file model23.cif (mmCIF, C-alpha atoms)
data_my_file
loop_
_atom_site.label_atom_id
_atom_site.label_comp_id
_atom_site.auth_asym_id
_atom_site.auth_seq_id
_atom_site.Cartn_x
_atom_site.Cartn_y
_atom_site.Cartn_z
CA MET A 386 -39.70 72.63 -39.73
CA LEU A 387 -42.41 70.04 -38.98
CA ALA A 388 -43.04 69.53 -42.68
CA SER A 389 -39.52 69.37 -44.09
CA LYS A 390 -36.75 68.71 -41.56
CA PRO A 391 -35.36 65.11 -41.48
CA ILE A 392 -37.48 63.01 -39.10
CA GLY A 393 -34.59 61.71 -36.99
CA LYS A 394 -33.10 65.14 -36.34
CA LEU A 395 -36.56 66.61 -35.78
CA MET A 396 -37.40 63.92 -33.22
CA LEU A 397 -34.21 64.69 -31.31
CA LYS A 398 -34.96 68.39 -31.39
CA LEU A 399 -38.51 67.94 -30.13
CA ALA A 400 -38.34 64.79 -28.01
CA ILE A 401 -35.24 65.49 -25.90
CA PRO A 402 -36.80 68.57 -24.23
CA THR A 403 -40.11 66.78 -23.65
CA VAL A 404 -38.37 63.72 -22.19
CA LEU A 405 -36.31 65.94 -19.91
CA ALA A 406 -39.49 67.77 -18.97
CA GLN A 407 -41.19 64.48 -18.09
CA LEU A 408 -38.22 63.35 -16.03
CA VAL A 409 -38.31 66.62 -14.14
CA ASN A 410 -42.07 66.29 -13.87
CA LEU A 411 -41.53 62.81 -12.48
CA LEU A 412 -39.45 64.31 -9.70
CA TYR A 413 -42.19 66.89 -9.28
CA ASN A 414 -44.76 64.15 -8.74
CA ILE A 415 -42.77 61.90 -6.43
CA VAL A 416 -40.54 64.30 -4.52
CA ASP A 417 -43.24 64.88 -1.87
CA ARG A 418 -43.41 61.11 -1.28
CA ILE A 419 -39.62 60.80 -1.10
CA PHE A 420 -39.22 63.50 1.55
CA VAL A 421 -42.36 62.59 3.50
CA GLY A 422 -41.38 58.91 3.57
CA HIS A 423 -38.16 59.83 5.38
CA ILE A 424 -39.71 61.91 8.18
CA ASN A 425 -38.50 60.49 11.50
CA GLU A 426 -40.90 58.17 13.33
CA ILE A 427 -44.01 58.95 11.27
CA GLY A 428 -42.56 58.53 7.77
CA SER A 429 -44.30 55.26 6.88
CA LEU A 430 -47.71 56.39 8.11
CA ALA A 431 -47.35 59.78 6.43
CA LEU A 432 -46.36 58.06 3.16
CA ALA A 433 -49.42 55.82 3.40
CA GLY A 434 -51.50 58.95 4.02
CA LEU A 435 -50.16 60.57 0.86
CA GLY A 436 -50.86 57.33 -0.96
CA VAL A 437 -54.60 57.56 -0.33
CA THR A 438 -54.68 61.15 -1.62
CA PHE A 439 -53.35 60.07 -5.03
CA PRO A 440 -56.76 59.05 -6.42
CA ILE A 441 -58.03 62.59 -5.83
CA ILE A 442 -54.88 64.13 -7.32
CA ILE A 443 -55.04 61.80 -10.32
CA PHE A 444 -58.73 62.55 -10.89
CA ILE A 445 -58.06 66.30 -10.84
CA GLY A 446 -55.13 65.88 -13.23
CA ALA A 447 -57.33 63.80 -15.55
CA PHE A 448 -59.33 66.91 -16.44
CA SER A 449 -56.20 68.75 -17.55
CA ALA A 450 -55.43 65.71 -19.74
CA LEU A 451 -59.00 65.72 -21.07
CA LEU A 452 -58.75 69.32 -22.26
CA GLY A 453 -55.01 69.63 -22.95
CA THR A 454 -54.50 66.36 -24.80
CA GLY A 455 -57.92 66.69 -26.43
CA GLY A 456 -57.36 70.27 -27.59
CA ALA A 457 -53.66 70.50 -28.48
CA PRO A 458 -53.64 67.86 -31.29
CA ARG A 459 -56.82 69.43 -32.72
CA ALA A 460 -55.07 72.81 -32.74
CA ALA A 461 -51.95 71.30 -34.35
CA ILE A 462 -54.02 69.66 -37.10
CA ALA A 463 -55.75 73.02 -37.74
CA MET A 464 -52.34 74.70 -37.97
CA GLY A 465 -51.25 72.01 -40.45
CA CYS A 466 -54.25 73.08 -42.55
CA ASN A 467 -53.10 76.74 -42.28
CA ASP A 468 -56.11 77.64 -40.12
CA ASN A 469 -54.53 79.44 -37.14
CA GLU A 470 -57.78 81.27 -36.37
CA ARG A 471 -59.50 77.97 -35.63
CA ALA A 472 -56.48 76.81 -33.62
CA GLU A 473 -56.79 79.92 -31.43
CA LYS A 474 -60.50 79.27 -30.88
CA ILE A 475 -59.63 75.76 -29.67
CA LEU A 476 -56.97 77.20 -27.32
CA GLY A 477 -59.39 79.81 -25.93
CA ASN A 478 -62.18 77.30 -25.35
CA CYS A 479 -59.81 74.91 -23.58
CA THR A 480 -58.58 77.73 -21.33
CA MET A 481 -62.12 78.56 -20.22
CA MET A 482 -63.02 74.90 -19.68
CA LEU A 483 -59.89 74.41 -17.53
CA ILE A 484 -60.91 77.36 -15.33
CA ILE A 485 -64.47 76.08 -14.92
CA CYS A 486 -63.33 72.53 -14.12
CA SER A 487 -60.80 73.69 -11.53
CA ILE A 488 -63.42 75.71 -9.60
CA ILE A 489 -65.93 72.85 -9.57
CA LEU A 490 -63.36 70.22 -8.56
CA SER A 491 -61.77 72.23 -5.75
CA VAL A 492 -65.16 73.06 -4.16
CA PHE A 493 -66.45 69.48 -4.48
CA PHE A 494 -63.39 67.83 -2.92
CA MET A 495 -63.09 70.42 -0.14
CA ILE A 496 -66.60 69.46 0.97
CA THR A 497 -66.23 65.68 0.61
CA LYS A 498 -62.49 65.03 1.15
CA ASP A 499 -62.54 63.06 4.43
CA LYS A 500 -65.32 60.71 3.34
CA ILE A 501 -63.57 60.09 0.03
CA LEU A 502 -60.18 59.53 1.69
CA ILE A 503 -61.67 56.87 3.97
CA MET A 504 -63.29 55.27 0.92
CA PHE A 505 -59.88 55.28 -0.79
CA GLY A 506 -58.24 53.34 2.03
CA ALA A 507 -57.37 55.85 4.76
CA SER A 508 -57.27 54.26 8.21
CA GLU A 509 -57.62 55.92 11.58
CA ASN A 510 -53.82 56.23 11.66
CA THR A 511 -53.32 57.68 8.19
CA LEU A 512 -56.40 59.92 7.76
CA PRO A 513 -54.95 62.97 9.60
CA TYR A 514 -51.91 63.04 7.27
CA ALA A 515 -54.03 62.53 4.16
CA SER A 516 -56.57 65.20 5.09
CA SER A 517 -53.90 67.78 6.00
CA TYR A 518 -52.10 67.29 2.69
CA ILE A 519 -55.11 67.35 0.36
CA THR A 520 -56.71 70.40 2.05
CA ILE A 521 -53.77 72.61 1.11
CA TYR A 522 -53.25 70.91 -2.27
CA LEU A 523 -56.81 71.71 -3.38
CA ILE A 524 -56.16 75.44 -3.00
CA GLY A 525 -53.82 75.22 -5.99
CA THR A 526 -56.19 73.26 -8.26
CA MET A 527 -56.49 76.05 -10.83
CA PHE A 528 -52.70 76.41 -11.02
CA LEU A 529 -52.38 72.70 -11.78
CA GLN A 530 -55.17 72.66 -14.37
CA LEU A 531 -53.92 75.64 -16.35
CA THR A 532 -50.26 74.62 -16.21
CA LEU A 533 -50.71 71.04 -17.41
CA GLY A 534 -53.61 71.68 -19.77
CA LEU A 535 -52.15 74.71 -21.57
CA ASN A 536 -48.57 73.44 -21.63
CA ALA A 537 -49.73 70.85 -24.19
CA PHE A 538 -50.51 73.71 -26.58
CA ILE A 539 -46.96 75.00 -26.20
CA THR A 540 -45.52 71.55 -26.94
CA ASN A 541 -47.73 70.97 -29.98
CA GLN A 542 -46.57 74.21 -31.58
CA GLY A 543 -43.04 72.83 -31.51
CA PHE A 544 -41.89 74.97 -28.53
CA THR A 545 -40.66 71.94 -26.61
CA LYS A 546 -37.89 73.83 -24.81
CA THR A 547 -40.44 76.31 -23.50
CA SER A 548 -42.75 73.52 -22.33
CA MET A 549 -39.77 71.89 -20.64
CA ILE A 550 -39.00 75.13 -18.81
CA THR A 551 -42.62 75.19 -17.59
CA ILE A 552 -42.13 71.86 -15.84
CA CYS A 553 -38.60 72.63 -14.69
CA ILE A 554 -39.63 75.87 -12.95
CA GLY A 555 -42.20 74.09 -10.82
CA ALA A 556 -40.14 70.97 -10.21
CA VAL A 557 -36.97 72.77 -9.13
CA LEU A 558 -38.94 75.05 -6.82
CA ASN A 559 -40.74 72.07 -5.31
CA ILE A 560 -37.49 70.19 -4.73
CA ILE A 561 -36.00 73.27 -3.02
CA LEU A 562 -39.07 74.15 -0.92
CA ASP A 563 -40.00 70.61 0.21
CA PRO A 564 -37.09 69.99 2.61
CA ILE A 565 -37.29 73.59 3.86
CA PHE A 566 -40.99 73.39 4.74
CA ILE A 567 -40.91 69.77 5.94
CA PHE A 568 -37.68 69.60 7.95
CA VAL A 569 -36.64 73.20 8.67
CA PHE A 570 -40.06 74.67 9.46
CA HIS A 571 -41.33 71.27 10.72
CA LEU A 572 -44.59 71.54 8.76
CA GLY A 573 -44.65 67.83 7.81
CA VAL A 574 -47.14 66.83 5.11
CA GLN A 575 -48.66 70.32 5.15
CA GLY A 576 -45.26 71.71 4.19
CA ALA A 577 -45.06 69.29 1.26
CA ALA A 578 -48.47 70.42 -0.01
CA LEU A 579 -47.60 74.10 0.46
CA ALA A 580 -44.38 73.67 -1.54
CA THR A 581 -46.37 72.02 -4.32
CA ILE A 582 -49.01 74.73 -4.78
CA ILE A 583 -46.42 77.54 -4.67
CA SER A 584 -44.43 75.76 -7.38
CA GLN A 585 -47.53 75.18 -9.49
CA GLY A 586 -48.52 78.82 -9.16
CA ILE A 587 -45.20 80.05 -10.57
CA SER A 588 -45.40 77.56 -13.47
CA CYS A 589 -48.94 78.74 -14.23
CA ILE A 590 -47.81 82.36 -14.49
CA TRP A 591 -45.05 81.30 -16.90
CA VAL A 592 -47.49 79.42 -19.19
CA LEU A 593 -50.02 82.24 -19.31
CA LYS A 594 -47.32 84.82 -20.01
CA PHE A 595 -46.01 82.78 -22.95
CA LEU A 596 -49.41 82.03 -24.52
CA THR A 597 -50.41 85.70 -24.37
CA GLY A 598 -47.02 86.97 -25.60
CA ASN A 599 -45.46 87.53 -29.00
CA LYS A 600 -43.38 84.36 -29.37
CA THR A 601 -46.30 81.94 -29.63
CA HIS A 602 -47.95 81.15 -33.00
CA ILE A 603 -51.42 81.00 -31.45
CA LYS A 604 -52.52 83.15 -28.50
CA ILE A 605 -55.09 83.12 -25.74
CA ARG A 606 -57.52 85.87 -26.72
CA ILE A 607 -60.50 87.05 -24.65
CA LYS A 608 -62.87 86.75 -27.62
CA ASN A 609 -62.09 83.03 -27.92
CA LEU A 610 -62.94 82.23 -24.28
CA ARG A 611 -66.61 82.03 -25.19
CA LEU A 612 -67.45 78.34 -25.45
CA SER A 613 -68.45 76.80 -28.77
CA LYS A 614 -70.48 73.57 -28.63
CA GLN A 615 -68.72 72.21 -31.70
CA ILE A 616 -65.21 72.85 -30.36
CA VAL A 617 -66.09 71.56 -26.87
CA PHE A 618 -67.39 68.33 -28.41
CA LEU A 619 -64.32 67.86 -30.64
CA VAL A 620 -61.92 68.47 -27.74
CA ILE A 621 -63.73 66.17 -25.32
CA SER A 622 -64.19 63.42 -27.92
CA LEU A 623 -60.42 63.24 -28.44
CA GLY A 624 -59.41 63.97 -24.85
CA ILE A 625 -61.70 61.34 -23.38
CA SER A 626 -59.06 58.64 -23.93
CA PRO A 627 -56.32 60.15 -21.70
CA PHE A 628 -59.08 61.24 -19.31
CA VAL A 629 -60.29 57.66 -18.98
CA MET A 630 -56.71 56.42 -18.60
CA GLN A 631 -56.04 58.82 -15.72
CA SER A 632 -59.45 58.93 -14.05
CA THR A 633 -59.73 55.15 -13.97
CA ASP A 634 -56.42 55.16 -12.09
CA CYS A 635 -58.47 56.79 -9.35
CA PHE A 636 -60.74 53.73 -9.11
CA ILE A 637 -57.83 51.34 -9.57
CA GLN A 638 -56.03 52.87 -6.60
CA LEU A 639 -59.25 52.76 -4.60
CA VAL A 640 -59.45 49.00 -5.17
CA PHE A 641 -55.73 48.44 -4.58
CA ASN A 642 -55.53 50.57 -1.41
CA ASN A 643 -58.60 48.94 0.11
CA GLY A 644 -57.32 45.52 -0.91
CA MET A 645 -53.94 46.16 0.71
CA LEU A 646 -55.67 47.33 3.88
CA LYS A 647 -58.03 44.31 3.83
CA TYR A 648 -55.47 41.60 3.08
CA GLY A 649 -52.44 43.35 4.59
CA ASN A 650 -52.00 46.51 6.69
CA ASP A 651 -50.86 50.16 6.51
CA SER A 652 -47.39 49.03 5.42
CA TYR A 653 -48.87 47.46 2.29
CA VAL A 654 -50.79 50.68 1.57
CA ALA A 655 -47.47 52.56 1.80
CA LEU A 656 -45.89 49.95 -0.51
CA MET A 657 -48.70 50.47 -3.01
CA SER A 658 -47.87 54.18 -3.04
CA ILE A 659 -44.27 53.28 -3.88
CA LEU A 660 -45.25 50.84 -6.64
CA PHE A 661 -47.44 53.40 -8.40
CA SER A 662 -44.60 55.93 -8.08
CA VAL A 663 -42.07 53.54 -9.62
CA MET A 664 -44.52 52.81 -12.44
CA GLN A 665 -44.28 56.49 -13.31
CA LEU A 666 -40.54 56.01 -13.83
CA VAL A 667 -41.45 53.94 -16.86
CA TRP A 668 -44.54 55.78 -18.08
CA MET A 669 -43.46 59.40 -17.96
CA PRO A 670 -40.28 59.27 -20.08
CA MET A 671 -42.23 57.33 -22.72
CA GLN A 672 -44.94 59.97 -22.57
CA GLY A 673 -42.15 62.47 -23.16
CA PHE A 674 -41.01 60.60 -26.28
CA ALA A 675 -44.60 60.51 -27.56
CA GLN A 676 -45.29 64.18 -26.82
CA GLY A 677 -42.13 65.16 -28.70
CA VAL A 678 -43.14 63.15 -31.77
CA GLN A 679 -46.86 64.00 -31.59
CA PRO A 680 -46.55 67.45 -33.26
CA ILE A 681 -44.73 65.84 -36.20
CA ILE A 682 -47.47 63.25 -36.65
CA SER A 683 -50.41 65.64 -36.15
CA PHE A 684 -49.05 68.41 -38.38
CA ASN A 685 -48.09 66.10 -41.26
CA TYR A 686 -51.36 64.17 -41.00
CA GLY A 687 -53.20 67.50 -41.32
CA ALA A 688 -50.96 68.37 -44.28
CA GLY A 689 -51.55 64.96 -45.95
CA ASN A 690 -47.89 63.87 -45.77
CA ASN A 691 -48.46 60.25 -44.76
CA GLU A 692 -44.91 59.09 -45.47
CA ARG A 693 -43.55 61.36 -42.72
CA VAL A 694 -46.35 60.25 -40.38
CA PHE A 695 -45.45 56.57 -40.76
CA SER A 696 -41.71 57.24 -40.50
CA ALA A 697 -42.17 59.19 -37.26
CA PHE A 698 -44.34 56.42 -35.79
CA LYS A 699 -41.84 53.65 -36.54
CA LYS A 700 -39.04 55.54 -34.83
CA LEU A 701 -41.27 56.29 -31.83
CA PHE A 702 -42.27 52.61 -31.56
CA ILE A 703 -38.66 51.39 -31.47
CA LEU A 704 -37.56 54.09 -29.05
CA CYS A 705 -40.36 53.44 -26.54
CA LEU A 706 -39.96 49.65 -26.65
CA VAL A 707 -36.18 49.75 -26.10
CA PHE A 708 -36.67 52.13 -23.18
CA SER A 709 -39.39 50.12 -21.43
CA MET A 710 -37.49 46.84 -21.75
CA SER A 711 -34.21 48.35 -20.54
CA ILE A 712 -35.59 50.01 -17.42
CA ILE A 713 -37.57 46.92 -16.36
CA VAL A 714 -34.42 44.77 -16.62
CA ILE A 715 -32.68 47.19 -14.23
CA LEU A 716 -35.66 47.15 -11.88
CA GLU A 717 -35.83 43.35 -11.82
CA LEU A 718 -32.13 43.19 -10.89
CA PHE A 719 -32.14 45.95 -8.24
CA PRO A 720 -35.62 46.20 -6.68
CA GLN A 721 -34.36 47.32 -3.25
CA PHE A 722 -32.79 50.42 -4.77
CA PHE A 723 -36.11 51.64 -6.20
CA ILE A 724 -38.05 50.98 -2.99
CA GLY A 725 -35.29 52.53 -0.87
CA MET A 726 -35.76 55.82 -2.74
CA PHE A 727 -39.05 56.28 -0.88
CA THR A 728 -38.54 54.67 2.52
CA SER A 729 -35.93 53.41 4.94
CA ASP A 730 -38.47 51.12 6.65
CA ALA A 731 -36.87 47.65 6.57
CA GLN A 732 -40.25 45.89 6.70
CA ILE A 733 -41.58 47.68 3.61
CA ILE A 734 -38.34 47.04 1.70
CA GLU A 735 -38.47 43.34 2.57
CA ILE A 736 -42.11 42.78 1.55
CA GLY A 737 -41.69 44.96 -1.52
CA LYS A 738 -38.57 43.59 -3.23
CA ASN A 739 -40.32 40.60 -4.81
CA ALA A 740 -43.70 42.33 -5.09
CA ILE A 741 -42.27 45.04 -7.33
CA ARG A 742 -40.67 42.43 -9.60
CA VAL A 743 -44.04 40.80 -10.22
CA PHE A 744 -46.04 44.03 -10.38
CA MET A 745 -43.79 45.67 -13.01
CA LEU A 746 -42.94 42.62 -15.15
CA SER A 747 -45.17 43.33 -18.18
CA MET A 748 -44.26 47.00 -18.19
CA SER A 749 -41.30 45.86 -20.29
CA LEU A 750 -43.71 45.67 -23.25
CA MET A 751 -45.59 48.89 -22.59
CA GLY A 752 -43.40 50.84 -25.00
CA MET A 753 -45.50 49.30 -27.79
CA GLN A 754 -48.74 50.30 -26.05
CA THR A 755 -47.59 53.89 -25.55
CA ALA A 756 -46.39 54.39 -29.13
CA CYS A 757 -49.58 53.02 -30.70
CA GLN A 758 -52.05 54.69 -28.37
CA GLN A 759 -50.36 58.11 -28.48
CA THR A 760 -50.23 57.92 -32.29
CA PHE A 761 -53.97 57.26 -32.35
CA LEU A 762 -54.35 60.51 -30.37
CA ALA A 763 -52.03 62.39 -32.72
CA LEU A 764 -54.14 61.24 -35.68
CA GLY A 765 -57.32 62.45 -33.98
CA GLN A 766 -58.76 58.94 -33.58
CA ALA A 767 -60.86 59.31 -30.46
CA LYS A 768 -62.88 56.08 -30.52
CA GLU A 769 -59.85 53.79 -30.74
CA SER A 770 -58.03 55.67 -27.98
CA VAL A 771 -61.05 55.49 -25.69
CA PHE A 772 -61.50 51.76 -26.26
CA LEU A 773 -57.85 51.01 -25.49
CA ALA A 774 -57.94 53.09 -22.33
CA ILE A 775 -61.12 51.40 -21.11
CA GLU A 776 -59.89 47.92 -22.02
CA ARG A 777 -56.68 48.03 -20.01
CA LYS A 778 -58.06 49.60 -16.86
CA LEU A 779 -61.77 48.79 -16.60
CA ILE A 780 -62.18 45.60 -18.62
CA LEU A 781 -58.95 43.90 -17.50
CA LEU A 782 -57.20 45.37 -14.45
CA LEU A 783 -60.18 46.28 -12.27
CA PRO A 784 -61.93 42.87 -12.42
CA LEU A 785 -58.62 41.03 -11.95
CA ALA A 786 -57.79 43.15 -8.89
CA LEU A 787 -61.14 42.22 -7.38
CA ILE A 788 -61.11 38.51 -8.29
CA LEU A 789 -57.49 37.27 -7.97
CA PRO A 790 -57.01 38.07 -4.23
CA LYS A 791 -59.98 35.79 -3.45
CA ILE A 792 -58.55 32.81 -5.34
CA GLY A 793 -56.98 30.37 -2.90
CA ALA A 794 -54.84 32.27 -0.42
CA LEU A 795 -53.38 34.80 -2.87
CA GLY A 796 -54.50 37.88 -0.92
CA VAL A 797 -52.13 40.80 -1.64
CA TRP A 798 -50.29 38.68 -4.22
CA GLY A 799 -53.47 38.55 -6.26
CA LEU A 800 -53.31 42.34 -6.44
CA PHE A 801 -49.65 42.26 -7.45
CA LEU A 802 -50.42 39.73 -10.23
CA ALA A 803 -53.38 41.68 -11.64
CA GLU A 804 -51.19 44.41 -13.12
CA PRO A 805 -48.81 42.30 -15.29
CA ILE A 806 -51.62 40.07 -16.59
CA SER A 807 -53.75 43.04 -17.69
CA ASP A 808 -50.74 44.86 -19.18
CA PHE A 809 -49.77 41.86 -21.32
CA ILE A 810 -53.26 41.40 -22.78
CA ALA A 811 -53.63 45.16 -23.36
CA VAL A 812 -50.39 45.31 -25.36
CA LEU A 813 -51.51 42.48 -27.65
CA THR A 814 -54.86 44.17 -28.28
CA THR A 815 -53.38 47.62 -28.92
CA VAL A 816 -50.72 46.49 -31.38
CA SER A 817 -53.21 44.33 -33.29
CA LEU A 818 -55.77 47.13 -33.57
CA PHE A 819 -53.16 49.70 -34.60
CA SER A 820 -51.68 47.47 -37.31
CA VAL A 821 -55.11 47.27 -38.95
CA LYS A 822 -56.45 50.80 -38.43
CA SER A 823 -53.33 52.86 -39.12
CA ARG A 824 -52.86 51.61 -42.69
CA LYS A 825 -56.51 52.33 -43.49
CA LEU A 826 -56.17 55.86 -42.06
CA LEU A 827 -53.02 56.68 -43.97
CA THR A 828 -54.34 55.17 -47.20
CA ARG A 829 -57.50 57.24 -46.84
#
call {"tool": "encode", "arguments": {"input": "model23.cif", "output": "structure tokens"}}
result
Amino acid sequence: MLASKPIGKLMLKLAIPTVLAQLVNLLYNIVDRIFVGHINEIGSLALAGLGVTFPIIIFIGAFSALLGTGGAPRAAIAMGCNDNERAEKILGNCTMMLIICSIILSVFFMITKDKILIMFGASENTLPYASSYITIYLIGTMFLQLTLGLNAFITNQGFTKTSMITICIGAVLNIILDPIFIFVFHLGVQGAALATIISQGISCIWVLKFLTGNKTHIKIRIKNLRLSKQIVFLVISLGISPFVMQSTDCFIQLVFNNGMLKYGNDSYVALMSILFSVMQLVWMPMQGFAQGVQPIISFNYGAGNNERVFSAFKKLFILCLVFSMSIIVILELFPQFFIGMFTSDAQIIEIGKNAIRVFMLSMSLMGMQTACQQTFLALGQAKESVFLAIERKLILLLPLALILPKIGALGVWGLFLAEPISDFIAVLTTVSLFSVKSRKLLTR
């Protein structure tokens, strides 16, 4: 199917389930914030509390991206070379690394959580909510790691409907359990965290059952859990790009949360939580498009069919760009609607309606960034992916977020401006680099 079916029809077959999965996953990620933000009397403070836990959650999720996104394309390329035994070794090694990482991360953050939360912008008012939420969330770290990391291996085998079901199971359960635990049992932020780890646990069982069953092309086998230095290096070298992209979000949010607290107040910290959530509305569907097309690119690159690789990329590029431009136009016209999804606080809505317009402006071009960077990953080009990830976050956004608020009286507006400026420069760099490197790769 990956080698012969018409590209357009194949993209629809593979991308629609992954896009739907990402949309459901989007709800999964933001539903806690939506319900918590509407708790009577304490909603704004509780939302700000959840906002300062995001760096920890993002950092934990970055390890699943490191091993899932680093291992799954490697396995797909091996399958394209008719080497399923090697693909299974990659899957087994990634499974063991996910287990090891989850144990280390959960123990480390349990010990250090309050100090880190204060460092990430928790105030005396918001720390109790943040600490209560993250304590319960950390219990389910292994569920999260295995679900997200191994689901990439399901997607890259072409089982996009199955990978979509993985996300849907957890998301639907979370949406059902959140209001029950928060409003019926009056558990507040603890109820939101409890709903999340229960949902993740069920999704994890589903993934493991599939990858050890008879429907999958490659299985998790006990003999392949033993780590191989060569495979570990290959996986990490490719996965380091999405890891850097996600883990640096941790430091970005540290700077933004502390900046909002320094130049504003807890309301601005809550607004920052909303802005990062709305940004996911743009990112995650595009990631779904890319994940659906990635197996086509990886498999055909491994098989040496460069014409299909280039055709799939062009269609992905157009699709992502049209999507990013369309959704940003809607956001610029109706900013209050997007902010109102998360809070009914009139003050936050008022200060946020123009802030979100500025903050999200250059996201209209990020379809180009996503298509090029994800194709680099699909082609196994680790160095280029790492550079692009570092450039946007560490070289551009982080320094701008530190410098711009101090210029004149910009304050919080300096933080809002840092994002669109860095996004615009990053897009130009990514497209230029891809236009040069991709032709050399495919010619070779």
call {"tool": "atom_distance", "arguments": {"input": "model23.cif", "atom1": "atom CA of A:Gln638", "atom2": "atom CA of A:Phe702"}}
result
28.5 Å
call {"tool": "residues_near_point", "arguments": {"input": "model23.cif", "point": "(-40.2, 56.8, 9.7)", "cutoff": "12 Å", "atoms": "only C-alpha atoms", "output": "mmCIF file with C-alpha atoms, in the frame of the given file"}}
result
data_model
loop_
_atom_site.group_PDB
_atom_site.id
_atom_site.type_symbol
_atom_site.label_atom_id
_atom_site.label_comp_id
_atom_site.auth_asym_id
_atom_site.auth_seq_id
_atom_site.Cartn_x
_atom_site.Cartn_y
_atom_site.Cartn_z
ATOM 1 C CA ILE A 419 -39.620 60.800 -1.100
ATOM 2 C CA PHE A 420 -39.220 63.500 1.550
ATOM 3 C CA VAL A 421 -42.360 62.590 3.500
ATOM 4 C CA GLY A 422 -41.380 58.910 3.570
ATOM 5 C CA HIS A 423 -38.160 59.830 5.380
ATOM 6 C CA ILE A 424 -39.710 61.910 8.180
ATOM 7 C CA ASN A 425 -38.500 60.490 11.500
ATOM 8 C CA GLU A 426 -40.900 58.170 13.330
ATOM 9 C CA ILE A 427 -44.010 58.950 11.270
ATOM 10 C CA GLY A 428 -42.560 58.530 7.770
ATOM 11 C CA SER A 429 -44.300 55.260 6.880
ATOM 12 C CA LEU A 430 -47.710 56.390 8.110
ATOM 13 C CA ALA A 431 -47.350 59.780 6.430
ATOM 14 C CA LEU A 432 -46.360 58.060 3.160
ATOM 15 C CA ALA A 433 -49.420 55.820 3.400
ATOM 16 C CA SER A 652 -47.390 49.030 5.420
ATOM 17 C CA ALA A 655 -47.470 52.560 1.800
ATOM 18 C CA PHE A 727 -39.050 56.280 -0.880
ATOM 19 C CA THR A 728 -38.540 54.670 2.520
ATOM 20 C CA SER A 729 -35.930 53.410 4.940
ATOM 21 C CA ASP A 730 -38.470 51.120 6.650
ATOM 22 C CA ALA A 731 -36.870 47.650 6.570
ATOM 23 C CA GLN A 732 -40.250 45.890 6.700
ATOM 24 C CA ILE A 733 -41.580 47.680 3.610
#
call {"tool": "resolve_selection", "arguments": {"input": "model23.cif", "expression": "the PyMOL selection byres ((chain A and resi 394-400) around 9)", "output": "VMD selection string"}}
result
chain A and resid 386 to 387 390 to 393 401 to 405 540 543 to 546 673 to 678 680 to 681 697 700 to 701
call {"tool": "atom_distance", "arguments": {"input": "model23.cif", "atom1": "atom CA of A:Asn510", "atom2": "atom CA of A:Gly573"}}
result
15.3 Å
call {"tool": "resolve_selection", "arguments": {"input": "model23.cif", "expression": "the PyMOL selection byres ((chain A and resi 562) around 9)", "output": "ChimeraX atom specification"}}
result
/A:557-561,563-567,576-577,579-581,583-584
call {"tool": "closest_residue", "arguments": {"input": "model23.cif", "among": "A:Leu639, A:Ile741, A:Leu789, A:Leu596", "to": "A:Phe719", "atoms": "all atoms listed in the file"}}
result
A:Ile741
call {"tool": "resolve_selection", "arguments": {"input": "model23.cif", "expression": "the PyMOL selection byres ((chain A and resi 653) around 12)", "output": "ChimeraX atom specification"}}
result
/A:429-430,432-434,436-437,506,641-652,654-660,730,732-737,740-741,796-798,800-801
call {"tool": "closest_atom_pairs", "arguments": {"input": "model23.cif", "of": "stretch 729-825 of chain A", "to": "stretch 462-481 of chain A", "cutoff": "12 Å", "atoms": "only C-alpha atoms", "output": "JSON lines"}}
result
{"residue": "A:Leu762", "atom": "CA", "partner": "A:Ile462", "partner_atom": "CA", "distance": 11.4}
{"residue": "A:Ala763", "atom": "CA", "partner": "A:Ile462", "partner_atom": "CA", "distance": 8.7}
{"residue": "A:Leu764", "atom": "CA", "partner": "A:Ile462", "partner_atom": "CA", "distance": 8.5}
{"residue": "A:Gly765", "atom": "CA", "partner": "A:Ile462", "partner_atom": "CA", "distance": 8.5}
call {"tool": "atom_distance", "arguments": {"input": "model23.cif", "atom1": "atom CA of A:Ser749", "atom2": "atom CA of A:Leu451"}}
result
26.6 Å
call {"tool": "residues_around", "arguments": {"input": "model23.cif", "residues": "stretch 520-530 of chain A", "least_positions_apart": "6", "cutoff": "7 Å", "atoms": "all atoms listed in the file", "output": "number ranges by chain"}}
result
A: 446, 449, 483-484, 487, 491, 495, 575, 578-579, 582, 585-586, 589
call {"tool": "closest_residue", "arguments": {"input": "model23.cif", "among": "A:Ile625, A:Ile792, A:Ile554, A:Ala756", "to": "A:Gln679", "atoms": "only C-alpha atoms"}}
result
A:Ala756
call {"tool": "residues_around", "arguments": {"input": "model23.cif", "residues": "A:Phe708", "least_positions_apart": "4", "cutoff": "12 Å", "atoms": "only C-alpha atoms", "output": "number ranges by chain"}}
result
A: 404, 666-674, 701-704, 712-715, 748-753, 755-756
call {"tool": "closest_residue", "arguments": {"input": "model23.cif", "among": "A:Thr454, A:Ser770, A:Asn609, A:Ser747", "to": "A:Glu804", "atoms": "all atoms listed in the file"}}
result
A:Ser747
call {"tool": "residues_around", "arguments": {"input": "model23.cif", "residues": "A:Lys498", "least_positions_apart": "5", "cutoff": "12 Å", "atoms": "only C-alpha atoms", "output": "PyMOL selection string"}}
result
chain A and resi 437-438+440-442+490-493+503-505+507+512-513+515-523
